[in-house]
Amino acid sequence: MAVSLTCGVADMSVSSELKTVLDAFDDPRLLVRADHTVAYANRAFVRRYGRQDFAGRSCYELLFHKSSCCAECGERCPLESAAVTGASETVLRRELGPTGVRYLELCSTPLKGADGRAVLFMESIADRNGTQEPLNLRGVVAESPATKAVLEKISLVTALDVPVLFIGPSGSGKREFARLLHENSRRAAHSFLCVDCRGLTPAKLSRELQLTAPFGLSGGTLYLKGIEELSADMQGAVLRMLETGSWVDTEGASCERADIRLVCGTRKSLAELLEADVLREELYYRLCVCPIRVPGLEERAEDLPEIVRLTLQSLKAKGLELRLAPGVCEALSRRTWRLPHVAGSGLIFNAAILC
């Protein structure tokens with residue numbers, strides 16, 4: 001939500017009234033100019049970080065002790081996102097410091113002047129360390145460091161209810177991780193709907209939302225598979241849903257409330273999503289609040305023995321009992337698994353290695 005601000009001072013100095021408002025917040029807040037220099041830090045920020053020399057310094061210097069802005073360091077900047085969308089933007093940052101790993105949730109809200117343009121940006125900083133509950137893995141194999149890193153990040157966002165973007169090669173298990181996120185969130189009692197974006201239209205998605213048993217998707221999670229396939233019309237519809245919290249019905253005549261958490265998956269990198277206008281810039285910034293990279297099987301060798309065991313168990317339940325020849329797991333661990341049809345939750349075995 002954008003905030004209106006009347007600013008009559010040309011150099012954008014901060015009024016005593018605005019300082020009083022910021023000091024009333026219990027959480028750390030910064031007022032930041034468009035060039036990333038800090039105009040004011042509230043009392044909660046000074047107490048938390050012990051920095052009183054904030055005037056004129058950059059936000060990335062105060063928060064991350066860096067000499068370059070987030071975008072130049074390969075991170076998404078919430079201020080720059082908010083400048084594009086004109087609305088509050090949130091990102092989750094993982095940082096490695098002297099005391100170990102820390103996670104910060106940064107939210108930047110544009111404060112607009114009388115002409116409707118952003119004069120300043122209010123940034124709130126929330127420490128998300130220690131807030132995550134242990135995940136119910138629901139059969140997801142997590143022996144490898146690569147998979148454990150994915151689960152660590154999922155655990156940080158289960159309670160935040162923000163959009164999450166899973167990025168990984170085809171068959172890496174993005175949908176299973178999205179379902180895991182759903183089943184560990186407050187929306188677990190409601191439906192999880194996976195929709196392929198290829199050929200998707202607003203009318204088709206509206207029907208899917210309405211038909212999801214038993215009471216539609218209200219309160220649930222919508223997983224959009226392959227967002228790089230979204231048409232221009234669909235991108236506009238998804239952006240409208242994120243901005244207004246409502247969805248146009250199948251006739252296009254009225255809007256329905258959409259209490260939905262949006263989770264997406266893509267095989268493209270973040271850079272590729274912006275190249276050649278694959279995604280509209282506004283939608284890109286809305287979806288990339290928390291990008292989570294999902295590794296392919298070639299990075300998860302430690303997971304393979306358990307994946308094999310579960311796969312054989314599943315086949316046995318379907319009436320096909322198989323056993324592995326000696327050395328199969330070692331042979332599988334040496335494969336690259338860069339095949340479009342190989343899924344992270346199941347393996348396609350060659351008959352020659354089964355007996």
# chains A, B, ... in the order shown; residues from 1 in each chain; ligands from 1
call {"tool": "closest_atom_pairs", "arguments": {"of": "segment 143-229 of chain A", "to": "segment 283-305 of chain A", "cutoff": "9 Å", "atoms": "only C-alpha atoms", "output": "Markdown table"}}
result
| residue | atom | partner | partner_atom | distance |
| --- | --- | --- | --- | --- |
| A:Glu143 | CA | A:Asp303 | CA | 5.2 |
| A:Ser144 | CA | A:Glu302 | CA | 4.9 |
| A:Pro145 | CA | A:Arg300 | CA | 7.8 |
| A:Ala146 | CA | A:Arg300 | CA | 6.3 |
| A:Thr147 | CA | A:Arg300 | CA | 7.0 |
| A:Val150 | CA | A:Val294 | CA | 6.6 |
| A:Lys153 | CA | A:Ile292 | CA | 7.2 |
| A:Ile154 | CA | A:Ile292 | CA | 7.9 |
| A:Val157 | CA | A:Cys290 | CA | 8.0 |
| A:Val162 | CA | A:Val289 | CA | 7.0 |
| A:Pro163 | CA | A:Leu287 | CA | 5.7 |
| A:Val164 | CA | A:Cys290 | CA | 5.0 |
| A:Leu165 | CA | A:Pro291 | CA | 4.6 |
| A:Phe166 | CA | A:Ile292 | CA | 4.9 |
| A:Ile167 | CA | A:Arg293 | CA | 4.7 |
| A:Gly168 | CA | A:Val294 | CA | 4.8 |
| A:Pro169 | CA | A:Gly296 | CA | 6.2 |
| A:Ser170 | CA | A:Gly296 | CA | 8.3 |
| A:Gly171 | CA | A:Gly296 | CA | 7.6 |
| A:Ser172 | CA | A:Gly296 | CA | 4.9 |
| A:Gly173 | CA | A:Val294 | CA | 7.5 |
| A:Lys174 | CA | A:Val294 | CA | 6.6 |
| A:Phe177 | CA | A:Val294 | CA | 8.5 |
call {"tool": "write_last_selection", "arguments": {"atoms": "N, CA, C and O atoms", "output": "tab-separated table (two decimals), in the first residue's frame"}}
result
chain	number	residue	atom	x	y	z
A	143	GLU	N	18.75	-35.64	2.50
A	143	GLU	CA	20.03	-36.08	3.03
A	143	GLU	C	21.17	-35.18	2.55
A	143	GLU	O	22.19	-35.07	3.21
A	144	SER	N	21.00	-34.55	1.40
A	144	SER	CA	22.08	-33.77	0.81
A	144	SER	C	22.09	-32.33	1.34
A	144	SER	O	21.04	-31.78	1.68
A	145	PRO	N	23.26	-31.70	1.41
A	145	PRO	CA	23.33	-30.28	1.80
A	145	PRO	C	22.51	-29.39	0.88
A	145	PRO	O	21.91	-28.41	1.35
A	146	ALA	N	22.46	-29.71	-0.41
A	146	ALA	CA	21.72	-28.88	-1.36
A	146	ALA	C	20.23	-28.87	-1.03
A	146	ALA	O	19.58	-27.82	-1.07
A	147	THR	N	19.67	-30.03	-0.70
A	147	THR	CA	18.24	-30.10	-0.36
A	147	THR	C	17.98	-29.45	0.99
A	147	THR	O	16.97	-28.78	1.18
A	150	VAL	N	17.50	-25.80	0.63
A	150	VAL	CA	16.16	-25.45	0.15
A	150	VAL	C	15.16	-25.46	1.30
A	150	VAL	O	14.36	-24.53	1.47
A	153	LYS	N	15.39	-22.46	3.66
A	153	LYS	CA	14.76	-21.23	3.17
A	153	LYS	C	13.24	-21.35	3.19
A	153	LYS	O	12.53	-20.38	3.50
A	154	ILE	N	12.71	-22.53	2.87
A	154	ILE	CA	11.26	-22.72	2.93
A	154	ILE	C	10.75	-22.48	4.35
A	154	ILE	O	9.71	-21.85	4.56
A	157	VAL	N	9.84	-18.91	5.27
A	157	VAL	CA	8.75	-18.18	4.62
A	157	VAL	C	7.39	-18.85	4.77
A	157	VAL	O	6.40	-18.34	4.27
A	162	VAL	N	3.99	-14.61	1.76
A	162	VAL	CA	4.43	-13.82	0.61
A	162	VAL	C	4.58	-14.75	-0.59
A	162	VAL	O	4.72	-15.96	-0.44
A	163	PRO	N	4.56	-14.20	-1.82
A	163	PRO	CA	4.81	-15.04	-2.99
A	163	PRO	C	6.20	-15.67	-2.94
A	163	PRO	O	7.16	-15.06	-2.45
A	164	VAL	N	6.30	-16.90	-3.42
A	164	VAL	CA	7.57	-17.61	-3.45
A	164	VAL	C	7.78	-18.13	-4.86
A	164	VAL	O	6.84	-18.63	-5.50
A	165	LEU	N	9.00	-18.00	-5.36
A	165	LEU	CA	9.33	-18.46	-6.71
A	165	LEU	C	10.39	-19.55	-6.63
A	165	LEU	O	11.51	-19.32	-6.16
A	166	PHE	N	10.03	-20.78	-7.05
A	166	PHE	CA	10.97	-21.89	-7.09
A	166	PHE	C	11.62	-21.93	-8.47
A	166	PHE	O	10.94	-21.97	-9.49
A	167	ILE	N	12.96	-21.94	-8.48
A	167	ILE	CA	13.73	-21.89	-9.73
A	167	ILE	C	14.60	-23.13	-9.82
A	167	ILE	O	15.39	-23.42	-8.91
A	168	GLY	N	14.42	-23.89	-10.89
A	168	GLY	CA	15.23	-25.09	-11.03
A	168	GLY	C	14.95	-25.79	-12.34
A	168	GLY	O	13.96	-25.49	-13.03
A	169	PRO	N	15.79	-26.74	-12.71
A	169	PRO	CA	15.62	-27.44	-13.98
A	169	PRO	C	14.35	-28.28	-13.98
A	169	PRO	O	13.79	-28.61	-12.93
A	170	SER	N	13.88	-28.62	-15.17
A	170	SER	CA	12.70	-29.48	-15.28
A	170	SER	C	12.94	-30.79	-14.55
A	170	SER	O	14.01	-31.39	-14.66
A	171	GLY	N	11.94	-31.23	-13.79
A	171	GLY	CA	12.05	-32.48	-13.07
A	171	GLY	C	12.80	-32.41	-11.77
A	171	GLY	O	13.08	-33.44	-11.16
A	172	SER	N	13.14	-31.23	-11.28
A	172	SER	CA	13.91	-31.11	-10.04
A	172	SER	C	13.03	-31.19	-8.79
A	172	SER	O	13.54	-31.20	-7.68
A	173	GLY	N	11.70	-31.23	-8.97
A	173	GLY	CA	10.81	-31.36	-7.82
A	173	GLY	C	10.27	-30.04	-7.31
A	173	GLY	O	9.88	-29.95	-6.14
A	174	LYS	N	10.19	-29.03	-8.16
A	174	LYS	CA	9.71	-27.72	-7.72
A	174	LYS	C	8.29	-27.80	-7.17
A	174	LYS	O	7.96	-27.18	-6.15
A	177	PHE	N	8.24	-29.27	-3.66
A	177	PHE	CA	8.68	-28.30	-2.65
A	177	PHE	C	7.59	-27.25	-2.42
A	177	PHE	O	7.41	-26.78	-1.29
call {"tool": "select_by_dssp", "arguments": {"residues": "segment 205-292 of chain A", "states": "strand (DSSP E or B)", "output": "list in words"}}
result
Thr221, Leu222, Tyr223, Leu224, Lys225, Ser246, Trp247, Val248, Cys255, Glu256, Arg257, Arg261, Leu262, Val263, Cys264, Gly265, Thr266, Cys290, Pro291 and Ile292 of chain A
call {"tool": "select_by_dssp", "arguments": {"residues": "segment 160-256 of chain A", "states": "alpha helix (DSSP H)", "output": "number ranges by chain"}}
result
A: 174-183, 202-211, 232-244
call {"tool": "write_last_selection", "arguments": {"atoms": "C-alpha atoms", "output": "short mmCIF file (atom, residue, chain, number, x, y, z; two decimals), in the first residue's frame"}}
result
data_model
loop_
_atom_site.label_atom_id
_atom_site.label_comp_id
_atom_site.auth_asym_id
_atom_site.auth_seq_id
_atom_site.Cartn_x
_atom_site.Cartn_y
_atom_site.Cartn_z
CA LYS A 174 9.71 -27.72 -7.72
CA ARG A 175 6.05 -28.68 -7.38
CA GLU A 176 6.80 -31.04 -4.48
CA PHE A 177 8.68 -28.30 -2.65
CA ALA A 178 5.77 -25.92 -3.32
CA ARG A 179 3.36 -28.48 -1.85
CA LEU A 180 5.69 -28.89 1.14
CA LEU A 181 5.58 -25.12 1.67
CA HIS A 182 1.77 -25.19 1.52
CA GLU A 183 1.42 -28.10 3.95
CA PRO A 202 -7.85 -15.86 -17.37
CA ALA A 203 -11.16 -17.64 -17.99
CA LYS A 204 -9.56 -21.09 -17.71
CA LEU A 205 -7.79 -20.21 -14.46
CA SER A 206 -10.97 -18.72 -13.04
CA ARG A 207 -12.78 -22.00 -13.71
CA GLU A 208 -9.94 -23.93 -12.04
CA LEU A 209 -10.18 -21.70 -8.97
CA GLN A 210 -13.94 -22.17 -8.71
CA LEU A 211 -13.90 -25.94 -9.26
CA ALA A 232 0.53 -11.08 -21.72
CA ASP A 233 -3.16 -11.29 -20.73
CA MET A 234 -2.40 -13.79 -17.98
CA GLN A 235 0.44 -11.68 -16.65
CA GLY A 236 -1.94 -8.75 -16.36
CA ALA A 237 -4.54 -10.91 -14.59
CA VAL A 238 -2.01 -12.29 -12.09
CA LEU A 239 -0.62 -8.83 -11.42
CA ARG A 240 -4.15 -7.52 -10.83
CA MET A 241 -4.82 -10.31 -8.36
CA LEU A 242 -1.63 -9.52 -6.44
CA GLU A 243 -2.41 -5.79 -6.40
CA THR A 244 -6.12 -5.91 -5.54
#
